[in-house]
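Dropping coords-v6.txt in here (compact mmCIF, N, CA and C atoms):
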```txt
# COMPACT_ATOMS: atom_id res chain seq x y z
N MET A 17 -14.10 -96.53 -21.35
CA MET A 17 -13.59 -95.46 -22.20
C MET A 17 -12.46 -96.01 -23.05
N VAL A 18 -12.67 -95.94 -24.32
CA VAL A 18 -11.70 -96.48 -25.26
C VAL A 18 -11.25 -95.36 -26.18
N TYR A 19 -9.95 -95.20 -26.32
CA TYR A 19 -9.43 -94.25 -27.30
C TYR A 19 -9.42 -94.92 -28.66
N ILE A 20 -10.02 -94.27 -29.63
CA ILE A 20 -10.02 -94.80 -30.99
C ILE A 20 -8.86 -94.14 -31.72
N SER A 21 -8.05 -94.94 -32.40
CA SER A 21 -6.83 -94.42 -33.02
C SER A 21 -7.06 -93.86 -34.42
N SER A 22 -8.07 -94.32 -35.12
CA SER A 22 -8.33 -93.87 -36.49
C SER A 22 -9.41 -92.78 -36.47
N TRP A 23 -9.14 -91.65 -37.15
CA TRP A 23 -10.10 -90.56 -37.19
C TRP A 23 -11.39 -90.97 -37.89
N GLN A 24 -11.28 -91.69 -38.99
CA GLN A 24 -12.46 -92.09 -39.75
C GLN A 24 -13.38 -92.96 -38.90
N GLU A 25 -12.80 -93.89 -38.15
CA GLU A 25 -13.60 -94.75 -37.28
C GLU A 25 -14.27 -93.92 -36.18
N TYR A 26 -13.53 -92.95 -35.61
CA TYR A 26 -14.10 -92.12 -34.54
C TYR A 26 -15.25 -91.28 -35.06
N GLN A 27 -15.07 -90.67 -36.23
CA GLN A 27 -16.11 -89.81 -36.77
C GLN A 27 -17.39 -90.61 -37.06
N GLU A 28 -17.25 -91.77 -37.67
CA GLU A 28 -18.42 -92.61 -37.97
C GLU A 28 -19.09 -93.09 -36.70
N ALA A 29 -18.28 -93.50 -35.71
CA ALA A 29 -18.85 -93.99 -34.45
C ALA A 29 -19.53 -92.87 -33.68
N ALA A 30 -18.95 -91.66 -33.70
CA ALA A 30 -19.53 -90.53 -32.98
C ALA A 30 -20.87 -90.12 -33.59
N GLU A 31 -20.93 -90.07 -34.91
CA GLU A 31 -22.18 -89.70 -35.58
C GLU A 31 -23.25 -90.78 -35.36
N ALA A 32 -22.84 -92.04 -35.39
CA ALA A 32 -23.79 -93.13 -35.16
C ALA A 32 -24.30 -93.12 -33.71
N LEU A 33 -23.42 -92.81 -32.78
CA LEU A 33 -23.82 -92.74 -31.37
C LEU A 33 -24.82 -91.61 -31.15
N TYR A 34 -24.60 -90.47 -31.78
CA TYR A 34 -25.54 -89.36 -31.64
C TYR A 34 -26.90 -89.69 -32.28
N GLU A 35 -26.86 -90.33 -33.46
CA GLU A 35 -28.12 -90.67 -34.12
C GLU A 35 -28.91 -91.72 -33.34
N LYS A 36 -28.20 -92.58 -32.60
CA LYS A 36 -28.86 -93.63 -31.82
C LYS A 36 -29.62 -93.03 -30.64
N SER A 37 -29.01 -92.09 -29.94
CA SER A 37 -29.68 -91.49 -28.77
C SER A 37 -29.35 -90.00 -28.68
N PRO A 38 -30.03 -89.16 -29.45
CA PRO A 38 -29.70 -87.74 -29.49
C PRO A 38 -30.04 -86.99 -28.20
N ASN A 39 -31.00 -87.47 -27.40
CA ASN A 39 -31.39 -86.75 -26.19
C ASN A 39 -30.42 -86.92 -25.04
N THR A 40 -29.67 -88.01 -25.03
CA THR A 40 -28.77 -88.27 -23.90
C THR A 40 -27.30 -88.16 -24.27
N THR A 41 -26.98 -87.90 -25.51
CA THR A 41 -25.58 -87.86 -25.94
C THR A 41 -24.95 -86.52 -25.58
N ARG A 42 -23.74 -86.59 -25.02
CA ARG A 42 -22.97 -85.39 -24.69
C ARG A 42 -21.65 -85.43 -25.45
N TYR A 43 -21.16 -84.26 -25.84
CA TYR A 43 -19.94 -84.13 -26.64
C TYR A 43 -19.03 -83.15 -25.92
N CYS A 44 -17.80 -83.56 -25.65
CA CYS A 44 -16.87 -82.74 -24.89
C CYS A 44 -15.57 -82.58 -25.67
N VAL A 45 -15.04 -81.36 -25.67
CA VAL A 45 -13.78 -81.06 -26.35
C VAL A 45 -12.82 -80.49 -25.33
N LYS A 46 -11.61 -81.05 -25.26
CA LYS A 46 -10.59 -80.55 -24.33
C LYS A 46 -9.33 -80.22 -25.10
N TRP A 47 -8.72 -79.10 -24.76
CA TRP A 47 -7.43 -78.71 -25.34
C TRP A 47 -6.49 -78.42 -24.19
N ARG A 48 -5.35 -79.08 -24.19
CA ARG A 48 -4.34 -78.87 -23.16
C ARG A 48 -3.07 -78.38 -23.82
N GLN A 49 -2.59 -77.24 -23.39
CA GLN A 49 -1.33 -76.69 -23.90
C GLN A 49 -0.22 -77.17 -22.98
N SER A 50 0.81 -77.77 -23.55
CA SER A 50 1.93 -78.25 -22.75
C SER A 50 3.06 -77.23 -22.79
N GLY A 51 4.03 -77.43 -21.94
CA GLY A 51 5.14 -76.48 -21.81
C GLY A 51 6.06 -76.46 -23.02
N ASP A 52 6.13 -77.52 -23.80
CA ASP A 52 7.03 -77.57 -24.94
C ASP A 52 6.42 -76.96 -26.20
N GLY A 53 5.26 -76.33 -26.10
CA GLY A 53 4.65 -75.67 -27.26
C GLY A 53 3.65 -76.53 -28.01
N GLN A 54 3.61 -77.81 -27.70
CA GLN A 54 2.64 -78.67 -28.35
C GLN A 54 1.38 -78.74 -27.49
N GLY A 55 0.28 -79.02 -28.13
CA GLY A 55 -0.96 -79.18 -27.41
C GLY A 55 -1.55 -80.54 -27.65
N LYS A 56 -2.53 -80.89 -26.82
CA LYS A 56 -3.19 -82.18 -26.96
C LYS A 56 -4.68 -81.92 -27.07
N LEU A 57 -5.29 -82.43 -28.11
CA LEU A 57 -6.73 -82.31 -28.34
C LEU A 57 -7.38 -83.65 -27.99
N VAL A 58 -8.37 -83.60 -27.09
CA VAL A 58 -9.09 -84.80 -26.69
C VAL A 58 -10.57 -84.57 -26.95
N LEU A 59 -11.17 -85.45 -27.74
CA LEU A 59 -12.60 -85.39 -28.04
C LEU A 59 -13.27 -86.58 -27.36
N LYS A 60 -14.42 -86.30 -26.73
CA LYS A 60 -15.14 -87.36 -26.03
C LYS A 60 -16.62 -87.22 -26.33
N ILE A 61 -17.24 -88.32 -26.68
CA ILE A 61 -18.70 -88.34 -26.89
C ILE A 61 -19.24 -89.55 -26.15
N THR A 62 -20.32 -89.33 -25.39
CA THR A 62 -20.87 -90.39 -24.57
C THR A 62 -22.38 -90.27 -24.49
N ASP A 63 -23.03 -91.42 -24.26
CA ASP A 63 -24.47 -91.45 -24.00
C ASP A 63 -24.75 -92.20 -22.71
N ASP A 64 -23.83 -92.22 -21.79
CA ASP A 64 -23.87 -92.85 -20.47
C ASP A 64 -23.72 -94.36 -20.51
N THR A 65 -23.82 -94.98 -21.67
CA THR A 65 -23.54 -96.42 -21.76
C THR A 65 -22.31 -96.66 -22.61
N THR A 66 -22.08 -95.83 -23.61
CA THR A 66 -20.93 -95.97 -24.50
C THR A 66 -20.14 -94.67 -24.45
N CYS A 67 -18.82 -94.78 -24.34
CA CYS A 67 -17.97 -93.61 -24.29
C CYS A 67 -16.86 -93.78 -25.34
N LEU A 68 -16.77 -92.83 -26.25
CA LEU A 68 -15.76 -92.88 -27.31
C LEU A 68 -14.83 -91.69 -27.15
N LYS A 69 -13.52 -91.93 -27.25
CA LYS A 69 -12.56 -90.84 -27.10
C LYS A 69 -11.55 -90.89 -28.24
N PHE A 70 -11.06 -89.69 -28.59
CA PHE A 70 -10.02 -89.57 -29.61
C PHE A 70 -9.02 -88.54 -29.10
N LYS A 71 -7.73 -88.88 -29.22
CA LYS A 71 -6.67 -88.01 -28.72
C LYS A 71 -5.63 -87.81 -29.81
N THR A 72 -5.17 -86.55 -29.98
CA THR A 72 -4.14 -86.28 -30.97
C THR A 72 -3.26 -85.11 -30.53
N HIS A 73 -2.04 -85.11 -31.04
CA HIS A 73 -1.11 -84.00 -30.86
C HIS A 73 -0.90 -83.24 -32.17
N SER A 74 -1.45 -83.75 -33.26
CA SER A 74 -1.21 -83.20 -34.58
C SER A 74 -2.22 -82.11 -34.92
N SER A 75 -1.72 -81.06 -35.57
CA SER A 75 -2.61 -79.97 -36.00
C SER A 75 -3.32 -80.30 -37.31
N VAL A 76 -2.98 -81.42 -37.93
CA VAL A 76 -3.61 -81.85 -39.17
C VAL A 76 -5.09 -82.15 -38.94
N PHE A 77 -5.43 -82.58 -37.73
CA PHE A 77 -6.80 -82.99 -37.44
C PHE A 77 -7.73 -81.82 -37.18
N LEU A 78 -7.24 -80.58 -37.16
CA LEU A 78 -8.11 -79.45 -36.86
C LEU A 78 -9.19 -79.25 -37.91
N ASN A 79 -8.86 -79.41 -39.19
CA ASN A 79 -9.87 -79.29 -40.24
C ASN A 79 -10.90 -80.41 -40.13
N ARG A 80 -10.45 -81.60 -39.82
CA ARG A 80 -11.36 -82.72 -39.65
C ARG A 80 -12.25 -82.50 -38.42
N PHE A 81 -11.65 -81.95 -37.37
CA PHE A 81 -12.38 -81.64 -36.15
C PHE A 81 -13.48 -80.62 -36.44
N ASP A 82 -13.17 -79.58 -37.24
CA ASP A 82 -14.18 -78.59 -37.63
C ASP A 82 -15.32 -79.24 -38.42
N ALA A 83 -14.97 -80.16 -39.32
CA ALA A 83 -15.99 -80.84 -40.12
C ALA A 83 -16.89 -81.70 -39.23
N LEU A 84 -16.32 -82.37 -38.24
CA LEU A 84 -17.12 -83.18 -37.32
C LEU A 84 -18.03 -82.29 -36.49
N ASN A 85 -17.51 -81.16 -36.00
CA ASN A 85 -18.34 -80.23 -35.23
C ASN A 85 -19.51 -79.73 -36.07
N LEU A 86 -19.23 -79.36 -37.32
CA LEU A 86 -20.28 -78.87 -38.21
C LEU A 86 -21.35 -79.94 -38.43
N SER A 87 -20.92 -81.16 -38.65
CA SER A 87 -21.85 -82.26 -38.88
C SER A 87 -22.72 -82.51 -37.64
N LEU A 88 -22.10 -82.53 -36.45
CA LEU A 88 -22.87 -82.78 -35.24
C LEU A 88 -23.81 -81.61 -34.93
N MET A 89 -23.36 -80.39 -35.17
CA MET A 89 -24.22 -79.23 -34.92
C MET A 89 -25.43 -79.22 -35.86
N GLN A 90 -25.22 -79.62 -37.11
CA GLN A 90 -26.34 -79.69 -38.04
C GLN A 90 -27.35 -80.74 -37.59
N LYS A 91 -26.85 -81.86 -37.07
CA LYS A 91 -27.76 -82.89 -36.58
C LYS A 91 -28.47 -82.43 -35.31
N MET A 92 -27.76 -81.68 -34.46
CA MET A 92 -28.39 -81.19 -33.23
C MET A 92 -29.45 -80.14 -33.53
N GLN A 93 -29.28 -79.39 -34.60
CA GLN A 93 -30.25 -78.38 -34.99
C GLN A 93 -31.28 -78.92 -35.97
N ASN A 94 -31.17 -80.18 -36.31
CA ASN A 94 -32.07 -80.85 -37.25
C ASN A 94 -32.07 -80.16 -38.61
N ARG A 95 -30.89 -79.85 -39.10
CA ARG A 95 -30.74 -79.23 -40.41
C ARG A 95 -30.01 -80.18 -41.34
N ARG A 96 -30.23 -79.97 -42.61
CA ARG A 96 -29.53 -80.75 -43.62
C ARG A 96 -28.42 -79.91 -44.21
N PRO A 97 -27.30 -80.52 -44.59
CA PRO A 97 -26.21 -79.73 -45.18
C PRO A 97 -26.64 -79.09 -46.49
N THR A 98 -26.21 -77.86 -46.70
CA THR A 98 -26.54 -77.14 -47.93
C THR A 98 -25.56 -77.51 -49.01
N GLN A 99 -26.00 -77.38 -50.27
CA GLN A 99 -25.13 -77.69 -51.40
C GLN A 99 -24.09 -76.59 -51.54
N ALA A 100 -22.85 -76.96 -51.87
CA ALA A 100 -21.77 -75.98 -51.99
C ALA A 100 -21.91 -75.15 -53.25
N SER A 101 -22.31 -75.76 -54.36
CA SER A 101 -22.42 -75.02 -55.61
C SER A 101 -23.85 -74.58 -55.82
N THR A 102 -24.04 -73.28 -56.06
CA THR A 102 -25.39 -72.76 -56.27
C THR A 102 -25.64 -72.43 -57.73
N ALA A 103 -24.61 -72.41 -58.57
CA ALA A 103 -24.77 -72.08 -59.99
C ALA A 103 -25.26 -73.32 -60.74
N PRO A 104 -26.32 -73.20 -61.54
CA PRO A 104 -26.80 -74.35 -62.29
C PRO A 104 -25.86 -74.66 -63.47
N THR A 105 -25.79 -75.91 -63.80
CA THR A 105 -24.96 -76.32 -64.93
C THR A 105 -25.78 -76.28 -66.20
N ALA A 106 -25.13 -76.45 -67.34
CA ALA A 106 -25.81 -76.38 -68.63
C ALA A 106 -26.77 -77.56 -68.82
N SER A 107 -26.46 -78.71 -68.22
CA SER A 107 -27.29 -79.89 -68.42
C SER A 107 -28.55 -79.86 -67.56
N THR A 108 -28.52 -79.14 -66.42
CA THR A 108 -29.70 -79.08 -65.58
C THR A 108 -30.26 -77.67 -65.60
N PRO A 109 -31.54 -77.52 -65.94
CA PRO A 109 -32.12 -76.18 -65.96
C PRO A 109 -32.35 -75.66 -64.55
N ALA A 110 -32.30 -74.35 -64.41
CA ALA A 110 -32.50 -73.72 -63.11
C ALA A 110 -33.99 -73.76 -62.76
N ALA A 111 -34.29 -74.09 -61.53
CA ALA A 111 -35.68 -74.15 -61.09
C ALA A 111 -36.15 -72.73 -60.76
N PRO A 112 -37.36 -72.36 -61.20
CA PRO A 112 -37.84 -71.02 -60.91
C PRO A 112 -38.19 -70.89 -59.43
N ILE A 113 -38.01 -69.70 -58.90
CA ILE A 113 -38.33 -69.43 -57.50
C ILE A 113 -39.81 -69.07 -57.43
N PRO A 114 -40.58 -69.74 -56.57
CA PRO A 114 -41.99 -69.42 -56.46
C PRO A 114 -42.18 -67.99 -55.93
N ALA A 115 -43.24 -67.34 -56.40
CA ALA A 115 -43.51 -65.97 -56.00
C ALA A 115 -43.83 -65.88 -54.53
N ALA A 116 -44.44 -66.91 -53.96
CA ALA A 116 -44.80 -66.88 -52.55
C ALA A 116 -43.55 -66.90 -51.67
N ALA A 117 -42.52 -67.63 -52.08
CA ALA A 117 -41.29 -67.71 -51.29
C ALA A 117 -40.54 -66.39 -51.32
N SER A 118 -40.56 -65.71 -52.46
CA SER A 118 -39.83 -64.45 -52.54
C SER A 118 -40.58 -63.33 -51.83
N ALA A 119 -41.91 -63.46 -51.69
CA ALA A 119 -42.69 -62.42 -51.02
C ALA A 119 -42.56 -62.52 -49.50
N GLN A 120 -42.17 -63.67 -48.98
CA GLN A 120 -42.06 -63.83 -47.54
C GLN A 120 -40.86 -63.12 -46.97
N THR A 121 -39.78 -63.02 -47.69
CA THR A 121 -38.59 -62.38 -47.18
C THR A 121 -38.42 -61.03 -47.85
N PRO A 122 -38.67 -59.93 -47.13
CA PRO A 122 -38.54 -58.61 -47.73
C PRO A 122 -37.08 -58.25 -47.94
N ALA A 123 -36.86 -57.46 -48.96
CA ALA A 123 -35.51 -56.98 -49.24
C ALA A 123 -35.14 -55.96 -48.17
N PRO A 124 -33.84 -55.71 -47.93
CA PRO A 124 -33.44 -54.76 -46.90
C PRO A 124 -33.98 -53.36 -47.15
N ALA A 125 -34.17 -52.94 -48.41
CA ALA A 125 -34.65 -51.60 -48.70
C ALA A 125 -36.13 -51.48 -48.37
N GLU A 126 -36.87 -52.61 -48.33
CA GLU A 126 -38.29 -52.57 -48.07
C GLU A 126 -38.63 -52.42 -46.60
N THR A 127 -37.70 -52.71 -45.71
CA THR A 127 -38.02 -52.68 -44.30
C THR A 127 -38.22 -51.27 -43.78
N GLY A 128 -37.59 -50.26 -44.35
CA GLY A 128 -37.78 -48.88 -43.96
C GLY A 128 -36.92 -48.46 -42.78
N SER A 129 -36.33 -49.38 -42.06
CA SER A 129 -35.48 -48.98 -40.95
C SER A 129 -34.02 -49.23 -41.31
N THR A 130 -33.19 -48.41 -40.76
CA THR A 130 -31.76 -48.58 -41.01
C THR A 130 -31.11 -49.10 -39.76
N ALA A 131 -30.05 -49.81 -39.93
CA ALA A 131 -29.32 -50.36 -38.80
C ALA A 131 -28.56 -49.23 -38.11
N PRO A 132 -28.52 -49.23 -36.78
CA PRO A 132 -27.78 -48.18 -36.09
C PRO A 132 -26.29 -48.31 -36.36
N THR A 133 -25.65 -47.19 -36.54
CA THR A 133 -24.22 -47.20 -36.79
C THR A 133 -23.49 -46.91 -35.50
N PRO A 134 -22.39 -47.61 -35.25
CA PRO A 134 -21.65 -47.36 -34.03
C PRO A 134 -21.03 -45.96 -34.05
N SER A 135 -21.08 -45.31 -32.90
CA SER A 135 -20.47 -43.99 -32.79
C SER A 135 -19.43 -44.01 -31.69
N GLY A 136 -18.40 -43.26 -31.89
CA GLY A 136 -17.34 -43.19 -30.89
C GLY A 136 -16.37 -44.33 -31.02
N PRO A 137 -15.35 -44.32 -30.17
CA PRO A 137 -14.30 -45.35 -30.28
C PRO A 137 -14.78 -46.74 -29.87
N ALA A 138 -15.68 -46.85 -28.90
CA ALA A 138 -16.12 -48.16 -28.45
C ALA A 138 -17.21 -48.71 -29.33
N GLY A 139 -17.96 -47.86 -30.02
CA GLY A 139 -18.98 -48.32 -30.95
C GLY A 139 -20.25 -48.78 -30.28
N GLY A 140 -20.89 -47.94 -29.48
CA GLY A 140 -22.19 -48.31 -28.96
C GLY A 140 -22.33 -48.13 -27.46
N GLY A 141 -21.27 -47.95 -26.75
CA GLY A 141 -21.38 -47.80 -25.31
C GLY A 141 -21.52 -46.35 -24.91
N VAL A 142 -21.96 -46.12 -23.69
CA VAL A 142 -22.07 -44.77 -23.16
C VAL A 142 -20.78 -44.46 -22.43
N LYS A 143 -20.24 -43.27 -22.67
CA LYS A 143 -18.99 -42.89 -22.02
C LYS A 143 -19.21 -42.72 -20.53
N LYS A 144 -18.25 -43.17 -19.77
CA LYS A 144 -18.32 -43.03 -18.33
C LYS A 144 -17.98 -41.60 -17.95
N LYS A 145 -18.79 -41.01 -17.09
CA LYS A 145 -18.57 -39.63 -16.69
C LYS A 145 -17.43 -39.56 -15.69
N LYS A 146 -16.62 -38.51 -15.83
CA LYS A 146 -15.53 -38.33 -14.90
C LYS A 146 -16.07 -37.78 -13.59
N PRO A 147 -15.54 -38.22 -12.48
CA PRO A 147 -16.03 -37.70 -11.21
C PRO A 147 -15.63 -36.23 -11.03
N LYS A 148 -16.48 -35.49 -10.31
CA LYS A 148 -16.20 -34.07 -10.07
C LYS A 148 -15.08 -33.94 -9.06
N LYS A 149 -14.25 -32.92 -9.29
CA LYS A 149 -13.15 -32.67 -8.35
C LYS A 149 -13.68 -31.98 -7.11
N LYS A 150 -13.18 -32.38 -5.98
CA LYS A 150 -13.55 -31.76 -4.71
C LYS A 150 -12.70 -30.52 -4.49
N LYS A 151 -13.29 -29.48 -3.94
CA LYS A 151 -12.54 -28.24 -3.68
C LYS A 151 -12.08 -28.17 -2.28
```
Show the structure stored in the file as structure tokens.
Amino acid sequence: MVYISSWQEYQEAAEALYEKSPNTTRYCVKWRQSGDGQGKLVLKITDDTTCLKFKTHSSVFLNRFDALNLSLMQKMQNRRPTQASTAPTASTPAAPIPAAASAQTPAPAETGSTAPTPSGPAGGGVKKKKPKKKK
């Protein structure tokens, strides 16, 4: 078990380790809150032969940690990242949507059913009955 000091190196090594053996790779996240108000974040990824760890006390790494989680989850679900910008630019024409693709997903108004609305303060639960008083 080796702690990697550079985030960039850890992220690249973690993604490469998962791509090498996706069926046996495990990813563990630990957060320890200390008494002085600081916490320690420890990330560990292993495939039983290689173990990579990263440790930090800085909150700067939280955004990077979220990005790594998103990347690994997309790989675990076998999905590709979606493009951030959906608006076409003037230089590239917009591709038409095939009629078959739009017919597969019905609009919410076409389904005919409405979603149940929560009622009461709890929003969906049954109120507990009060026990009867004994005489």
* Asked: With all atoms listed in the file as the atoms that count, which of A:Arg95, A:Lys144, A:Lys149, A:Lys71 lies nearest to Leu57 in chain A?
  -> A:Lys71
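The gap separating CA of Tyr34 in chain A from CA of Ile61 in chain A is 8.4 Å, in Å to one decimal.
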* Asked: Which is closest to Gln27 in chain A among A:Leu84, A:Asn79, A:Gly53, A:Lys145, if we use all atoms listed in the file?
  -> A:Leu84
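The two atoms in question, atom N of Gly55 in chain A and CA of Ser21 in chain A, are spaced 17.7 Å apart.
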* To do: Return the single residue from A:Lys148, A:Ala83, A:Trp23, A:Ala30 that is closest to Leu68 in chain A, with distances computed using only N, CA and C atoms.
  => A:Ala30
* To do: Quick one: everything within 6 Å of Leu59 in chain A, counting all atoms listed in the file, minus sequence neighbours fewer than 6 positions away in the same chain. Send it as a count of residues only.
  => 7
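The space separating CA of Phe77 in chain A from CA of Asn39 in chain A comes to 27.3 Å.
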* **Selection near Ser87 in chain A, 12 Å with only C-alpha atoms, sequence-local residues under 6 positions removed, as a VMD selection string** => chain A and resid 27 to 28 30 to 32 34 to 35 80 to 81 93 to 98
Take the residues that were just selected and, keeping N, CA and C atoms, output them as a PDB file, keeping the file's coordinate frame.
```pdb
ATOM      1  N   GLN A  27     -15.070 -90.670 -36.230  1.00  0.00           N
ATOM      2  CA  GLN A  27     -16.110 -89.810 -36.770  1.00  0.00           C
ATOM      3  C   GLN A  27     -17.390 -90.610 -37.060  1.00  0.00           C
ATOM      4  N   GLU A  28     -17.250 -91.770 -37.670  1.00  0.00           N
ATOM      5  CA  GLU A  28     -18.420 -92.610 -37.970  1.00  0.00           C
ATOM      6  C   GLU A  28     -19.090 -93.090 -36.700  1.00  0.00           C
ATOM      7  N   ALA A  30     -18.950 -91.660 -33.700  1.00  0.00           N
ATOM      8  CA  ALA A  30     -19.530 -90.530 -32.980  1.00  0.00           C
ATOM      9  C   ALA A  30     -20.870 -90.120 -33.590  1.00  0.00           C
ATOM     10  N   GLU A  31     -20.930 -90.070 -34.910  1.00  0.00           N
ATOM     11  CA  GLU A  31     -22.180 -89.700 -35.580  1.00  0.00           C
ATOM     12  C   GLU A  31     -23.250 -90.780 -35.360  1.00  0.00           C
ATOM     13  N   ALA A  32     -22.840 -92.040 -35.390  1.00  0.00           N
ATOM     14  CA  ALA A  32     -23.790 -93.130 -35.160  1.00  0.00           C
ATOM     15  C   ALA A  32     -24.300 -93.120 -33.710  1.00  0.00           C
ATOM     16  N   TYR A  34     -24.600 -90.470 -31.780  1.00  0.00           N
ATOM     17  CA  TYR A  34     -25.540 -89.360 -31.640  1.00  0.00           C
ATOM     18  C   TYR A  34     -26.900 -89.690 -32.280  1.00  0.00           C
ATOM     19  N   GLU A  35     -26.860 -90.330 -33.460  1.00  0.00           N
ATOM     20  CA  GLU A  35     -28.120 -90.670 -34.120  1.00  0.00           C
ATOM     21  C   GLU A  35     -28.910 -91.720 -33.340  1.00  0.00           C
ATOM     22  N   ARG A  80     -10.450 -81.600 -39.820  1.00  0.00           N
ATOM     23  CA  ARG A  80     -11.360 -82.720 -39.650  1.00  0.00           C
ATOM     24  C   ARG A  80     -12.250 -82.500 -38.420  1.00  0.00           C
ATOM     25  N   PHE A  81     -11.650 -81.950 -37.370  1.00  0.00           N
ATOM     26  CA  PHE A  81     -12.380 -81.640 -36.150  1.00  0.00           C
ATOM     27  C   PHE A  81     -13.480 -80.620 -36.440  1.00  0.00           C
ATOM     28  N   GLN A  93     -29.280 -79.390 -34.600  1.00  0.00           N
ATOM     29  CA  GLN A  93     -30.250 -78.380 -34.990  1.00  0.00           C
ATOM     30  C   GLN A  93     -31.280 -78.920 -35.970  1.00  0.00           C
ATOM     31  N   ASN A  94     -31.170 -80.180 -36.310  1.00  0.00           N
ATOM     32  CA  ASN A  94     -32.070 -80.850 -37.250  1.00  0.00           C
ATOM     33  C   ASN A  94     -32.070 -80.160 -38.610  1.00  0.00           C
ATOM     34  N   ARG A  95     -30.890 -79.850 -39.100  1.00  0.00           N
ATOM     35  CA  ARG A  95     -30.740 -79.230 -40.410  1.00  0.00           C
ATOM     36  C   ARG A  95     -30.010 -80.180 -41.340  1.00  0.00           C
ATOM     37  N   ARG A  96     -30.230 -79.970 -42.610  1.00  0.00           N
ATOM     38  CA  ARG A  96     -29.530 -80.750 -43.620  1.00  0.00           C
ATOM     39  C   ARG A  96     -28.420 -79.910 -44.210  1.00  0.00           C
ATOM     40  N   PRO A  97     -27.300 -80.520 -44.590  1.00  0.00           N
ATOM     41  CA  PRO A  97     -26.210 -79.730 -45.180  1.00  0.00           C
ATOM     42  C   PRO A  97     -26.640 -79.090 -46.490  1.00  0.00           C
ATOM     43  N   THR A  98     -26.210 -77.860 -46.700  1.00  0.00           N
ATOM     44  CA  THR A  98     -26.540 -77.140 -47.930  1.00  0.00           C
ATOM     45  C   THR A  98     -25.560 -77.510 -49.010  1.00  0.00           C
TER      46      THR A  98
END
```
* Asked: Quick one: DSSP strand (DSSP E or B) residues in range 31-69 of chain A, as a list in words?
  -> Arg42, Tyr43, Cys44, Val45, Lys46, Trp47, Arg48, Gln49, Gly55, Lys56, Leu57, Val58, Leu59, Lys60, Ile61, Thr62, Cys67, Leu68 and Lys69 of chain A
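Using only C-alpha atoms, the shortest contact distance between Met89 in chain A and any of A:Thr66, A:Lys143, A:Tyr43, A:Tyr19 is found at A:Tyr43.
Each of A:Met17, A:Val58, A:Met92, A:Val142 was compared to Ser37 in chain A using only C-alpha atoms, and A:Met92 turns out to be the nearest.
Distance check against Leu78 in chain A using only C-alpha atoms: of A:Arg42, A:Thr62, A:Trp47, A:Lys91, the minimum falls on A:Trp47.
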